[in-house]
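Structure file target.cif (mmCIF, C-alpha atoms) is printed below.
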```cif
data_final
#
loop_
_atom_site.label_atom_id
_atom_site.label_comp_id
_atom_site.auth_asym_id
_atom_site.auth_seq_id
_atom_site.Cartn_x
_atom_site.Cartn_y
_atom_site.Cartn_z
CA MET F 132 -19.87 -65.95 22.05
CA PHE F 133 -23.00 -64.08 21.04
CA GLY F 134 -22.90 -61.97 24.21
CA ALA F 135 -19.26 -61.12 23.57
CA VAL F 136 -20.17 -59.86 20.15
CA LEU F 137 -22.83 -57.61 21.62
CA VAL F 138 -20.31 -56.10 24.02
CA ALA F 139 -17.78 -55.54 21.24
CA CYS F 140 -20.36 -53.68 19.15
CA SER F 141 -21.30 -51.33 21.99
CA PRO F 142 -18.07 -49.57 23.02
CA ARG F 143 -18.03 -46.66 25.46
CA VAL F 144 -16.89 -43.47 23.68
CA ASP F 145 -15.17 -40.92 25.93
CA ASP F 146 -15.75 -37.21 25.38
CA ILE F 147 -12.99 -35.71 23.23
CA PHE F 148 -13.40 -32.30 24.90
CA ASP F 149 -13.62 -31.50 28.58
CA ASP F 150 -16.33 -28.88 28.04
CA THR F 151 -19.48 -28.72 25.99
CA ALA F 152 -19.61 -26.81 22.70
CA VAL F 153 -21.58 -24.03 24.40
CA VAL F 154 -18.95 -23.61 27.08
CA ARG F 155 -16.09 -23.63 24.57
CA LEU F 156 -17.86 -21.00 22.45
CA GLU F 157 -18.40 -18.79 25.50
CA ASN F 158 -14.78 -19.17 26.61
CA ARG F 159 -13.58 -18.14 23.17
CA ARG F 160 -15.99 -15.19 23.18
CA GLN F 161 -14.49 -13.92 26.42
CA ALA F 162 -10.96 -14.40 25.08
CA ILE F 163 -11.79 -12.44 21.91
CA MET F 164 -13.23 -9.56 23.93
CA GLN F 165 -10.08 -9.42 26.05
CA GLN F 166 -7.95 -9.50 22.89
CA LEU F 167 -9.86 -6.59 21.32
CA MET F 168 -9.55 -4.51 24.51
CA SER F 169 -5.84 -5.30 24.88
CA ALA F 170 -4.67 -2.67 22.37
CA PRO F 171 -4.24 0.53 24.45
CA ASN F 172 -4.25 2.82 21.39
CA GLY F 173 -6.88 0.85 19.54
CA TRP F 174 -6.83 -0.91 16.19
CA GLU F 175 -6.44 -0.08 12.54
CA MET F 176 -9.26 -1.77 10.60
CA GLN F 177 -8.76 -2.34 6.88
CA TYR F 178 -12.37 -2.57 5.78
CA PHE F 179 -13.96 -3.77 2.55
CA ALA F 180 -17.66 -3.71 1.72
CA GLN F 181 -18.15 -5.86 -1.37
CA SER F 182 -16.19 -7.47 -4.17
CA ASP F 183 -17.83 -8.11 -7.54
CA PRO F 184 -14.94 -8.92 -9.90
CA THR F 185 -17.05 -8.73 -13.07
CA ALA F 186 -17.87 -5.01 -13.07
CA SER F 187 -16.35 -1.71 -12.10
CA ASP F 188 -17.69 -0.10 -8.92
CA PRO F 189 -14.90 1.79 -7.11
CA GLU F 190 -17.11 2.89 -4.20
CA LYS F 191 -17.88 -0.73 -3.37
CA HIS F 192 -14.51 -2.22 -4.24
CA GLN F 193 -12.09 0.14 -2.59
CA GLY F 194 -11.01 -0.34 0.98
CA TYR F 195 -11.55 2.08 3.84
CA ASN F 196 -9.44 2.75 6.94
CA PHE F 197 -10.94 3.00 10.41
CA THR F 198 -9.41 3.29 13.85
CA MET F 199 -11.23 1.62 16.74
CA LEU F 200 -10.78 1.60 20.50
CA PHE F 201 -12.77 -1.11 22.32
CA ARG F 202 -13.57 -0.57 26.02
CA ASN F 203 -14.71 -2.77 28.85
CA ASP F 204 -17.92 -0.73 29.32
CA GLY F 205 -19.18 -1.88 25.91
CA THR F 206 -18.35 1.34 24.06
CA VAL F 207 -16.17 1.66 20.97
CA THR F 208 -14.78 4.87 19.51
CA VAL F 209 -14.47 4.80 15.72
CA GLY F 210 -12.23 7.21 13.79
CA ALA F 211 -12.09 7.86 10.04
CA MET F 212 -11.57 10.51 7.41
CA VAL F 213 -14.99 11.86 6.42
CA ASP F 214 -14.97 14.15 3.38
CA GLY F 215 -11.30 14.89 4.03
CA VAL F 216 -11.79 15.71 7.74
CA PHE F 217 -10.78 13.43 10.63
CA LYS F 218 -13.78 12.56 12.80
CA THR F 219 -14.60 10.20 15.68
CA GLU F 220 -17.83 8.85 17.09
CA THR F 221 -18.57 6.52 20.02
CA SER F 222 -21.19 3.77 19.98
CA MET F 223 -21.64 0.22 21.36
CA TRP F 224 -19.97 -3.10 20.54
CA ASP F 225 -20.14 -6.72 21.63
CA VAL F 226 -19.00 -10.23 20.73
CA ILE F 227 -22.00 -12.56 20.49
CA ASN F 228 -22.40 -16.29 19.94
CA ASP F 229 -24.29 -16.99 16.72
CA ASN F 230 -23.13 -20.48 15.69
CA SER F 231 -19.71 -18.84 15.88
CA ASN F 232 -18.17 -15.82 17.58
CA VAL F 233 -19.40 -12.62 15.95
CA LEU F 234 -18.12 -9.06 16.50
CA THR F 235 -21.11 -6.75 16.28
CA PHE F 236 -21.40 -2.97 16.25
CA ASN F 237 -24.89 -3.06 17.72
CA THR F 238 -25.84 0.61 17.98
CA PHE F 239 -25.81 3.10 15.13
CA ASN F 240 -22.50 4.83 14.40
CA SER F 241 -22.83 7.36 11.59
CA ILE F 242 -19.18 6.91 10.56
CA PHE F 243 -19.04 3.12 10.45
CA HIS F 244 -22.65 2.15 9.59
CA TYR F 245 -22.58 4.52 6.62
CA TYR F 246 -21.20 1.65 4.55
CA SER F 247 -23.85 -0.91 5.55
CA ASN F 248 -27.01 1.14 6.07
CA PRO F 249 -29.58 0.32 3.35
CA ASP F 250 -32.11 3.02 4.31
CA PRO F 251 -32.95 4.85 1.03
CA ASP F 252 -34.23 7.84 3.03
CA LEU F 253 -30.64 8.57 4.02
CA GLY F 254 -29.67 9.00 0.37
CA LEU F 255 -26.76 6.59 0.67
CA TRP F 256 -25.64 5.05 -2.62
CA GLY F 257 -28.95 5.36 -4.42
CA ALA F 258 -32.47 4.50 -3.36
CA ASP F 259 -32.52 0.75 -3.95
CA GLY F 260 -32.39 -0.19 -0.27
CA GLU F 261 -29.08 -1.98 -0.80
CA GLY F 262 -26.72 0.64 0.54
CA LEU F 263 -23.04 0.23 -0.20
CA GLY F 264 -23.38 -3.42 0.77
CA GLY F 265 -21.03 -3.39 3.72
CA ASP F 266 -21.17 -5.26 7.02
CA TYR F 267 -21.49 -4.28 10.67
CA GLU F 268 -21.23 -7.85 12.00
CA PHE F 269 -18.13 -9.96 11.45
CA LEU F 270 -17.16 -13.56 12.03
CA VAL F 271 -14.05 -13.54 14.20
CA LEU F 272 -11.50 -15.80 12.54
CA GLU F 273 -7.89 -16.45 13.48
CA TYR F 274 -5.49 -14.14 15.27
CA ASN F 275 -2.21 -14.21 13.32
CA ALA F 276 0.41 -13.86 16.04
CA LYS F 277 3.32 -13.83 13.56
CA GLU F 278 2.00 -10.84 11.59
CA ASN F 279 0.04 -9.44 14.55
CA TYR F 280 -3.41 -9.04 13.04
CA GLN F 281 -6.94 -10.20 13.80
CA LEU F 282 -8.76 -11.64 10.77
CA LEU F 283 -12.49 -10.98 10.40
CA LYS F 284 -15.02 -11.91 7.72
CA GLY F 285 -18.13 -9.92 6.94
CA LYS F 286 -21.12 -11.97 8.05
CA LYS F 287 -23.36 -10.93 5.14
CA ASN F 288 -21.03 -10.20 2.23
CA GLY F 289 -18.01 -12.30 3.14
CA CYS F 290 -15.20 -9.79 2.66
CA TYR F 291 -12.05 -10.57 4.63
CA ILE F 292 -10.96 -7.75 6.91
CA ARG F 293 -7.81 -7.30 8.97
CA MET F 294 -7.26 -5.36 12.18
CA TYR F 295 -3.78 -4.42 13.39
CA PRO F 296 -2.95 -2.90 16.82
CA LEU F 297 -1.96 0.75 16.46
CA PRO F 298 1.42 1.81 17.91
CA THR F 299 1.01 3.51 21.26
CA ASP F 300 3.20 6.47 20.27
CA LYS F 301 1.09 7.45 17.24
CA THR F 302 -2.01 9.63 17.35
CA TRP F 303 -4.95 8.66 15.20
CA GLU F 304 -4.61 11.90 13.24
CA ASP F 305 -0.95 11.08 12.51
CA TYR F 306 -1.95 7.59 11.40
CA PHE F 307 -4.40 8.94 8.81
CA ALA F 308 -1.84 11.52 7.64
CA GLU F 309 0.67 8.69 7.01
CA VAL F 310 -1.94 6.69 5.09
CA ASP F 311 -2.68 9.74 2.94
CA ALA F 312 1.03 10.28 2.26
CA MET F 313 1.47 6.65 1.17
CA ASP F 314 -1.59 6.88 -1.04
CA LYS F 315 -0.26 9.98 -2.78
CA PHE F 316 3.22 8.49 -3.21
CA LEU F 317 1.87 5.37 -4.92
CA PHE F 318 -1.06 6.67 -6.95
CA ASP F 319 -0.86 10.41 -7.58
CA GLU F 320 0.48 9.88 -11.10
CA GLN F 321 -2.21 7.34 -12.03
CA ALA F 322 0.47 4.99 -13.34
CA THR F 323 -0.23 1.45 -14.52
CA LEU F 324 1.25 -1.11 -12.13
CA GLU F 325 2.59 -4.59 -12.79
CA LEU F 326 2.48 -7.59 -10.47
CA TYR F 327 5.35 -10.04 -10.92
CA ASP F 328 5.78 -13.53 -9.58
CA ASN F 329 7.82 -16.47 -10.81
CA ASN F 330 4.82 -17.82 -12.68
CA ILE F 331 2.57 -14.83 -13.28
CA HIS F 332 2.71 -11.33 -14.68
CA LEU F 333 -0.43 -9.23 -14.25
CA THR F 334 -1.05 -5.69 -15.44
CA MET F 335 -3.11 -3.52 -13.08
CA TYR F 336 -4.84 -0.40 -14.35
CA ASN F 337 -6.79 2.35 -12.51
CA GLY F 338 -4.96 2.20 -9.19
CA TYR F 339 -5.81 5.86 -8.58
CA LEU F 340 -9.46 4.73 -8.24
CA HIS F 341 -8.45 2.20 -5.55
CA GLU F 342 -9.87 -0.45 -7.83
CA PHE F 343 -7.41 -2.40 -9.95
CA ARG F 344 -8.62 -3.48 -13.38
CA VAL F 345 -6.48 -6.56 -13.87
CA PHE F 346 -5.36 -8.47 -16.96
CA ASN F 347 -2.77 -11.09 -17.63
CA TYR F 348 0.18 -9.22 -19.13
CA ASP F 349 -0.16 -8.69 -22.90
CA ALA F 350 -3.83 -9.69 -22.80
CA ASP F 351 -6.49 -7.98 -24.90
CA THR F 352 -7.69 -5.11 -22.71
CA LEU F 353 -10.68 -4.14 -24.83
CA GLY F 354 -12.98 -6.54 -23.00
CA GLY F 355 -13.17 -8.57 -19.82
CA GLY F 356 -10.70 -7.97 -17.07
CA THR F 357 -11.18 -8.44 -13.35
CA TYR F 358 -11.77 -5.80 -10.69
CA PHE F 359 -10.07 -5.93 -7.30
CA GLY F 360 -10.37 -3.43 -4.50
CA PHE F 361 -7.45 -2.52 -2.29
CA ILE F 362 -6.62 -0.19 0.53
CA ALA F 363 -3.61 2.01 1.18
CA ASN F 364 -2.09 1.82 4.64
CA THR F 365 1.00 3.16 6.40
CA GLN F 366 3.25 0.42 4.98
CA GLY F 367 1.87 -0.06 1.47
CA ILE F 368 -1.40 -1.62 0.37
CA TYR F 369 -3.65 -4.58 1.12
CA ILE F 370 -5.45 -6.21 -1.84
CA ASN F 371 -8.87 -7.78 -1.46
CA GLY F 372 -8.01 -10.44 -4.01
CA GLY F 373 -8.82 -14.04 -4.81
CA ASP F 374 -9.30 -16.43 -7.73
CA PHE F 375 -12.19 -15.64 -10.06
CA HIS F 376 -13.69 -17.52 -13.00
CA LEU F 377 -14.61 -15.06 -15.74
CA MET F 378 -15.76 -14.82 -19.33
CA VAL F 379 -13.31 -12.74 -21.38
CA THR F 380 -14.13 -11.34 -24.82
CA THR F 381 -11.49 -10.54 -27.45
CA TYR F 382 -12.09 -8.10 -30.29
CA MET F 383 -10.73 -7.05 -33.66
CA GLU F 384 -10.58 -3.34 -34.42
CA ASN F 385 -12.02 -2.48 -37.84
CA GLU F 386 -10.83 0.30 -40.11
CA ASP F 387 -14.03 2.29 -39.47
CA GLY F 388 -13.32 2.29 -35.75
CA THR F 389 -15.85 -0.39 -34.81
CA LYS F 390 -14.95 -3.67 -33.10
CA THR F 391 -15.76 -7.22 -34.15
CA VAL F 392 -15.99 -9.93 -31.48
CA LEU F 393 -13.48 -12.69 -32.19
CA GLU F 394 -14.15 -15.02 -29.29
CA THR F 395 -15.44 -15.28 -25.76
CA HIS F 396 -13.73 -17.75 -23.49
CA ASP F 397 -13.46 -18.82 -19.87
CA THR F 398 -10.43 -17.85 -17.89
CA ILE F 399 -9.19 -17.89 -14.31
CA VAL F 400 -7.71 -14.64 -13.05
CA SER F 401 -5.74 -14.83 -9.81
CA MET F 402 -4.91 -12.01 -7.46
CA PRO F 403 -3.32 -12.61 -4.06
CA ARG F 404 -5.38 -11.55 -1.05
CA GLU F 405 -2.38 -10.15 0.75
CA ALA F 406 -0.52 -7.17 2.18
CA PHE F 407 2.20 -5.63 0.00
CA VAL F 408 4.81 -3.58 1.87
CA LEU F 409 6.89 -0.76 0.36
CA ASN F 410 10.52 -1.90 0.31
CA GLU F 411 13.46 0.05 1.73
CA ASP F 412 14.33 2.02 -1.41
CA LYS F 413 10.62 2.60 -2.15
CA SER F 414 10.89 1.06 -5.60
CA ARG F 415 8.35 -1.74 -5.22
CA LEU F 416 5.60 -3.19 -3.07
CA VAL F 417 6.70 -6.62 -1.85
CA CYS F 418 4.28 -9.34 -0.78
CA ALA F 419 4.47 -9.73 3.00
CA THR F 420 4.42 -13.54 2.88
CA HIS F 421 6.05 -14.25 -0.51
CA PRO F 422 8.97 -11.82 -1.09
CA GLU F 423 9.50 -13.07 -4.65
CA MET F 424 6.14 -11.50 -5.54
CA TYR F 425 6.08 -7.73 -5.98
CA ILE F 426 4.24 -4.80 -7.56
CA THR F 427 5.95 -1.95 -9.33
CA VAL F 428 5.62 0.50 -12.19
CA ASP F 429 7.04 -1.25 -15.24
CA ALA F 430 9.78 1.12 -16.44
CA ALA F 431 10.09 -0.76 -19.73
CA GLY F 432 6.31 -0.49 -20.03
CA VAL F 433 6.60 3.29 -19.82
CA PHE F 434 8.74 3.11 -22.96
CA MET F 435 6.34 0.67 -24.64
CA ALA F 436 3.17 2.60 -23.77
CA PRO F 437 1.00 3.62 -26.75
CA LYS F 438 1.20 7.26 -27.78
CA SER F 439 4.19 8.00 -25.55
CA MET F 440 6.71 10.54 -26.83
CA LEU F 441 9.91 10.23 -24.84
CA LYS F 442 12.57 12.90 -25.26
CA VAL F 443 16.13 11.64 -24.93
CA ASN F 444 18.84 13.21 -22.79
CA MET F 445 22.12 11.38 -23.37
CA LYS F 446 23.74 10.65 -20.01
CA ARG F 447 26.52 8.44 -21.33
CA VAL F 448 27.51 8.21 -25.00
CA PRO F 449 29.99 5.73 -26.54
CA ASP F 450 32.75 7.05 -28.77
CA ALA F 451 31.21 5.40 -31.83
CA ILE F 452 28.00 7.44 -31.55
CA THR F 453 29.90 10.65 -30.74
CA THR F 454 32.12 10.16 -33.80
CA ALA F 455 29.24 9.27 -36.12
CA GLU F 456 27.13 12.22 -34.97
CA ALA F 457 30.07 14.62 -35.43
CA GLN F 458 30.50 13.34 -38.98
CA VAL F 459 26.79 13.88 -39.76
CA ASN F 460 27.01 17.43 -38.38
CA ALA F 461 30.10 18.14 -40.46
CA ASN F 462 28.37 16.83 -43.58
CA ILE F 463 25.26 18.96 -42.98
CA SER F 464 27.10 22.17 -42.12
CA ALA F 465 29.25 21.81 -45.23
CA ILE F 466 26.07 22.29 -47.24
CA LEU F 467 24.20 24.66 -44.94
CA ALA F 468 26.01 26.57 -42.18
CA LYS F 469 24.79 26.43 -38.58
CA SER F 470 23.03 23.10 -39.15
CA ALA F 471 23.34 20.06 -36.88
CA ILE F 472 21.57 17.25 -35.04
CA ALA F 473 19.86 18.79 -32.00
CA SER F 474 18.13 15.97 -30.11
CA TYR F 475 16.51 12.53 -30.18
CA ALA F 476 13.14 11.10 -29.15
CA TRP F 477 11.40 7.71 -29.11
CA GLN F 478 7.77 7.12 -30.04
CA PRO F 479 5.63 4.07 -30.93
CA ALA F 480 5.19 3.89 -34.69
CA GLY F 481 1.68 2.43 -34.59
CA ASP F 482 2.63 -0.77 -36.43
CA GLY F 483 4.32 -2.51 -33.52
CA ARG F 484 7.68 -0.87 -34.17
CA PHE F 485 9.25 2.23 -32.60
CA GLU F 486 10.51 5.43 -34.11
CA LEU F 487 13.82 7.00 -33.24
CA ARG F 488 13.21 10.63 -34.18
CA VAL F 489 16.35 12.60 -34.97
CA TYR F 490 15.66 16.35 -34.68
CA TYR F 491 17.93 18.80 -36.48
CA SER F 492 18.34 22.53 -37.04
CA LEU F 493 18.89 24.09 -40.44
CA GLY F 494 20.76 27.36 -40.88
CA GLY F 495 20.53 28.20 -37.18
CA LYS F 496 16.73 27.87 -37.04
CA ALA F 497 14.96 26.06 -34.21
CA ALA F 498 15.13 22.27 -34.40
CA LYS F 499 11.59 21.51 -35.57
CA ASP F 500 12.48 19.19 -38.45
CA TYR F 501 13.14 15.52 -37.79
CA ASP F 502 13.89 12.21 -39.47
CA ILE F 503 12.24 8.91 -38.53
CA TYR F 504 14.16 5.65 -38.22
CA TYR F 505 12.35 2.46 -37.29
CA PHE F 506 13.35 -0.03 -34.60
CA THR F 507 11.80 -3.28 -33.46
CA ALA F 508 11.37 -3.56 -29.70
CA GLU F 509 11.38 -7.02 -28.12
CA ARG F 510 10.87 -7.80 -24.46
CA VAL F 511 13.81 -9.90 -23.24
CA GLY F 512 13.24 -9.66 -19.48
CA ARG F 513 10.94 -8.18 -16.87
CA HIS F 514 12.49 -4.74 -17.29
CA SER F 515 14.59 -5.14 -20.44
CA ILE F 516 14.01 -4.43 -24.14
CA ARG F 517 16.08 -5.28 -27.20
CA LEU F 518 16.03 -2.47 -29.81
CA THR F 519 17.03 -3.31 -33.38
CA TYR F 520 17.26 -0.92 -36.35
CA ASP F 521 14.60 -1.71 -38.94
CA GLY F 522 14.81 0.86 -41.74
CA THR F 523 13.88 4.45 -42.56
CA TYR F 524 10.64 6.30 -43.13
CA ALA F 525 11.14 7.38 -46.74
CA GLU F 526 9.24 10.66 -46.45
CA ARG F 527 11.14 11.71 -43.32
CA SER F 528 14.74 10.71 -43.87
CA GLN F 529 16.33 13.98 -44.91
CA LEU F 530 19.63 13.19 -43.19
CA GLN F 531 20.28 9.70 -44.54
CA GLY F 532 22.40 11.16 -47.29
CA TYR F 533 24.60 12.85 -44.67
CA GLY F 534 25.58 9.71 -42.80
CA THR F 535 22.73 8.99 -40.36
CA LEU F 536 22.50 5.42 -41.67
CA ASP F 537 25.93 4.94 -40.10
CA LEU F 538 24.78 6.67 -36.89
CA VAL F 539 21.30 5.31 -36.15
CA PRO F 540 22.06 1.55 -36.05
CA LEU F 541 24.57 2.31 -33.29
CA PHE F 542 21.54 2.57 -30.96
CA ASN F 543 20.96 -1.18 -31.33
CA GLY F 544 21.19 -3.20 -28.13
CA THR F 545 19.46 -4.57 -25.06
CA TYR F 546 18.53 -1.97 -22.46
CA ASP F 547 17.57 -2.25 -18.81
CA PHE F 548 14.92 0.31 -17.79
CA VAL F 549 14.66 1.99 -14.38
CA LEU F 550 12.36 4.82 -13.29
CA ASN F 551 14.05 7.96 -11.98
CA LYS F 552 11.39 8.15 -9.26
CA PRO F 553 9.49 4.99 -8.28
CA PHE F 554 5.76 5.06 -9.07
CA ALA F 555 6.18 8.41 -10.89
CA PRO F 556 6.81 7.97 -14.64
CA SER F 557 6.71 11.71 -15.28
CA TYR F 558 10.10 12.03 -13.59
CA GLY F 559 11.61 10.00 -16.41
CA VAL F 560 13.02 6.58 -17.14
CA MET F 561 16.68 5.61 -17.49
CA ALA F 562 17.58 3.12 -20.21
CA THR F 563 21.04 1.62 -19.81
CA ARG F 564 22.50 -0.57 -22.54
CA GLN F 565 23.64 -3.81 -20.92
CA SER F 566 27.20 -3.19 -22.07
CA GLY F 567 26.99 -0.01 -19.98
CA ASP F 568 28.32 2.23 -22.74
CA LEU F 569 25.05 4.06 -23.56
CA VAL F 570 22.62 5.57 -21.04
CA MET F 571 19.52 7.44 -22.18
CA GLU F 572 17.33 9.40 -19.79
CA MET F 573 13.89 9.78 -21.28
CA THR F 574 11.09 12.10 -20.21
CA TYR F 575 7.68 13.02 -21.60
#
```
Target format structure tokens, applied to this file:
Amino acid sequence: MFGAVLVACSPRVDDIFDDTAVVRLENRRQAIMQQLMSAPNGWEMQYFAQSDPTASDPEKHQGYNFTMLFRNDGTVTVGAMVDGVFKTETSMWDVINDNSNVLTFNTFNSIFHYYSNPDPDLGLWGADGEGLGGDYEFLVLEYNAKENYQLLKGKKNGCYIRMYPLPTDKTWEDYFAEVDAMDKFLFDEQATLELYDNNIHLTMYNGYLHEFRVFNYDADTLGGGTYFGFIANTQGIYINGGDFHLMVTTYMENEDGTKTVLETHDTIVSMPREAFVLNEDKSRLVCATHPEMYITVDAAGVFMAPKSMLKVNMKRVPDAITTAEAQVNANISAILAKSAIASYAWQPAGDGRFELRVYYSLGGKAAKDYDIYYFTAERVGRHSIRLTYDGTYAERSQLQGYGTLDLVPLFNGTYDFVLNKPFAPSYGVMATRQSGDLVMEMTY
């Protein structure tokens, strides 16, 4: 019995793997090298150096595009835009075993190592010996066959980096021209973007810097915020996101222009680390893996923006407004010939309400005079606002005695807002009353 117990406590354990860890690592190294050399036109690398979400640093946060062609002789040609000019340079590469498989660019390449070289004598990013903080060695992670990209991770700074095979029918110069065109389409107007999901709504400022300053929608933007880099590519953008724990400070503005701290609190700000692809009608950037998540310019937000003055061009007018306006004009001209309502404009009132400004001419003179009528503006959907008449401004209500108090409340209603040109607010926003009977095109 005792001997049987000894045998039972000393089982023979078979090897789970056929090869040793060293052999498996070497086999994977060879497979990775073959994979990298398998793209005949090379790869598009979407590169990030560092990500510090607590402070603004566009040079470190923004992404950079490289093209790379790996060869069997150990050389790699790297292409990039350098000071607005397309350049290439050839150096050496390898995949080494260092506890894992590591892609290394092991001889100096002035284009690529510019972002990781800490030598202060080169004058790169100050003289602190830190450089831009980038990497030239990368842990080789998974190959995503479904989306056709190789995932890397910077060995020193930990940024996730993707590489996609370049189409064989596209020159590298054409690739960078397409990236530049996408970048200009999305960010030339320096518009504020919004990220929507079923459960989140984030506002993203400063996209033109390639560094989003992110807040939960309607949050106090005087303090805190989170900074995320991103990169433009031929299909849209890729965000170097993640979940970050931050301290956010809220303030009260005083009458003398100073600010008083109200509270400082912990918060979690989430940003997907994901590719967002421009959809077919170019109206939004849609998350590649979660189509219900998208980024767009908030057309209703253009209307709600502080200090915006939006001139109104009536595209469709209901009979009630046409009749009421005609009556006001008749009443004015009966007192002073050649006098009439000339135009309308919307502007924030500064107290949370909005002004409908009614411009009018007197005696044939240019329409410089205007009345002010207040409206409340309530968000009732992602891109919809309910406008409700809320009284006159006593010192600027010259026309109320001529019937405008019958006219102005006819603008009440819930409007859906759409930009005339996606990602370009200056081209105007169309506000359509949900009944469809009133359409206002508004421009700056």
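Distances here use all atoms listed in the file; by that measure, the residue among F:Thr334, F:Asn543, F:Thr563, F:Thr206 closest to Lys446 (chain F) is F:Thr563.
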List as a PDB file with C-alpha atoms, in the frame of the given file the protein and nucleic acid residues near region 389-393 of chain F, meaning an atom at most 10 Å away when all atoms listed in the file are counted, but skip any in the same chain fewer than 4 places from it.
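After the write, out-v7.pdb holds the following:
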```pdb
ATOM      1  CA  LEU F 353     -10.680  -4.140 -24.830  1.00  0.00           C
ATOM      2  CA  GLY F 354     -12.980  -6.540 -23.000  1.00  0.00           C
ATOM      3  CA  THR F 380     -14.130 -11.340 -24.820  1.00  0.00           C
ATOM      4  CA  THR F 381     -11.490 -10.540 -27.450  1.00  0.00           C
ATOM      5  CA  TYR F 382     -12.090  -8.100 -30.290  1.00  0.00           C
ATOM      6  CA  MET F 383     -10.730  -7.050 -33.660  1.00  0.00           C
ATOM      7  CA  GLU F 384     -10.580  -3.340 -34.420  1.00  0.00           C
ATOM      8  CA  ASN F 385     -12.020  -2.480 -37.840  1.00  0.00           C
TER       9      ASN F 385
END
```
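Between CA of Ile399 (chain F) and CA of Ala436 (chain F) the separation is 25.7 Å.
If you measure from each of F:Tyr327, F:Tyr575, F:Phe318, F:Tyr195 to Asp429 (chain F) using all atoms listed in the file, the closest one turns out to be F:Tyr327.
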Handout entry: All residues 12 Å or closer to Met424 (chain F), all atoms listed in the file, same chain fewer than 6 positions away omitted, as a PyMOL selection string
Key = chain F and resi 325-333+402-403+405-408+415-418
Dump as a PDB file, in the frame of the given file, selection limited to C-alpha atoms:
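Generated file (out_29.pdb):
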```
ATOM      1  CA  GLU F 325       2.590  -4.590 -12.790  1.00  0.00           C
ATOM      2  CA  LEU F 326       2.480  -7.590 -10.470  1.00  0.00           C
ATOM      3  CA  TYR F 327       5.350 -10.040 -10.920  1.00  0.00           C
ATOM      4  CA  ASP F 328       5.780 -13.530  -9.580  1.00  0.00           C
ATOM      5  CA  ASN F 329       7.820 -16.470 -10.810  1.00  0.00           C
ATOM      6  CA  ASN F 330       4.820 -17.820 -12.680  1.00  0.00           C
ATOM      7  CA  ILE F 331       2.570 -14.830 -13.280  1.00  0.00           C
ATOM      8  CA  HIS F 332       2.710 -11.330 -14.680  1.00  0.00           C
ATOM      9  CA  LEU F 333      -0.430  -9.230 -14.250  1.00  0.00           C
ATOM     10  CA  MET F 402      -4.910 -12.010  -7.460  1.00  0.00           C
ATOM     11  CA  PRO F 403      -3.320 -12.610  -4.060  1.00  0.00           C
ATOM     12  CA  GLU F 405      -2.380 -10.150   0.750  1.00  0.00           C
ATOM     13  CA  ALA F 406      -0.520  -7.170   2.180  1.00  0.00           C
ATOM     14  CA  PHE F 407       2.200  -5.630   0.000  1.00  0.00           C
ATOM     15  CA  VAL F 408       4.810  -3.580   1.870  1.00  0.00           C
ATOM     16  CA  ARG F 415       8.350  -1.740  -5.220  1.00  0.00           C
ATOM     17  CA  LEU F 416       5.600  -3.190  -3.070  1.00  0.00           C
ATOM     18  CA  VAL F 417       6.700  -6.620  -1.850  1.00  0.00           C
ATOM     19  CA  CYS F 418       4.280  -9.340  -0.780  1.00  0.00           C
TER      20      CYS F 418
END
```
Practice task
Using the chain letters and numbering of this document, enumerate as JSON, numbers by chain the residues selected by the PyMOL selection byres ((chain F and resi 298) around 9).
Solution key: {"F": [170, 171, 172, 173, 174, 296, 297, 299, 300, 301, 302]}
Practice task
Translate the PyMOL selection byres ((chain F and resi 232-242) around 7), as applied to the file shown, into an explicit residue set as number ranges by chain.
Solution key: F: 160, 220, 222-229, 231, 243-245, 267-271
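Remark: for Arg510 (chain F), the closest of the candidate residues F:Ala419, F:Asp183, F:Gly432, F:Gly372 is F:Gly432 (distances computed over all atoms listed in the file).
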In the coordinates of the file, take the point (9.7, 10.2, -17.2) and a cut-off of 6 Å; then, counting only C-alpha atoms, name each qualifying protein, DNA or RNA residue as a short mmCIF file (atom, residue, chain, number, x, y, z; two decimals) with C-alpha atoms, in the frame of the given file.
```cif
data_model
loop_
_atom_site.label_atom_id
_atom_site.label_comp_id
_atom_site.auth_asym_id
_atom_site.auth_seq_id
_atom_site.Cartn_x
_atom_site.Cartn_y
_atom_site.Cartn_z
CA PRO F 556 6.81 7.97 -14.64
CA SER F 557 6.71 11.71 -15.28
CA TYR F 558 10.10 12.03 -13.59
CA GLY F 559 11.61 10.00 -16.41
CA VAL F 560 13.02 6.58 -17.14
CA MET F 573 13.89 9.78 -21.28
CA THR F 574 11.09 12.10 -20.21
CA TYR F 575 7.68 13.02 -21.60
#
```
Practice task
Could you list the residues chosen by the PyMOL selection byres ((chain F and resi 535) around 10) in this structure as a VMD selection string?
Solution key: chain F and resid 455 to 456 458 to 460 472 489 502 504 528 to 534 536 to 541
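Between Tyr295 (chain F) and the residues F:Phe542, F:Phe201, F:Tyr280, F:Tyr475, the shortest atom-to-atom distance, using all atoms listed in the file, involves F:Tyr280.
Across the structure, CA of Leu282 (chain F) and CA of Val216 (chain F) are spaced 27.7 Å apart.
Near Gly544 (chain F), within 8 Å and counting all atoms listed in the file, sit Arg517, Leu518, Thr519, Phe542, Tyr546, Arg564 and Gln565 of chain F; same-chain residues fewer than 2 positions away were not included.
Atom to atom, CA of Asn462 (chain F) and CA of Phe485 (chain F) stand 26.4 Å apart.
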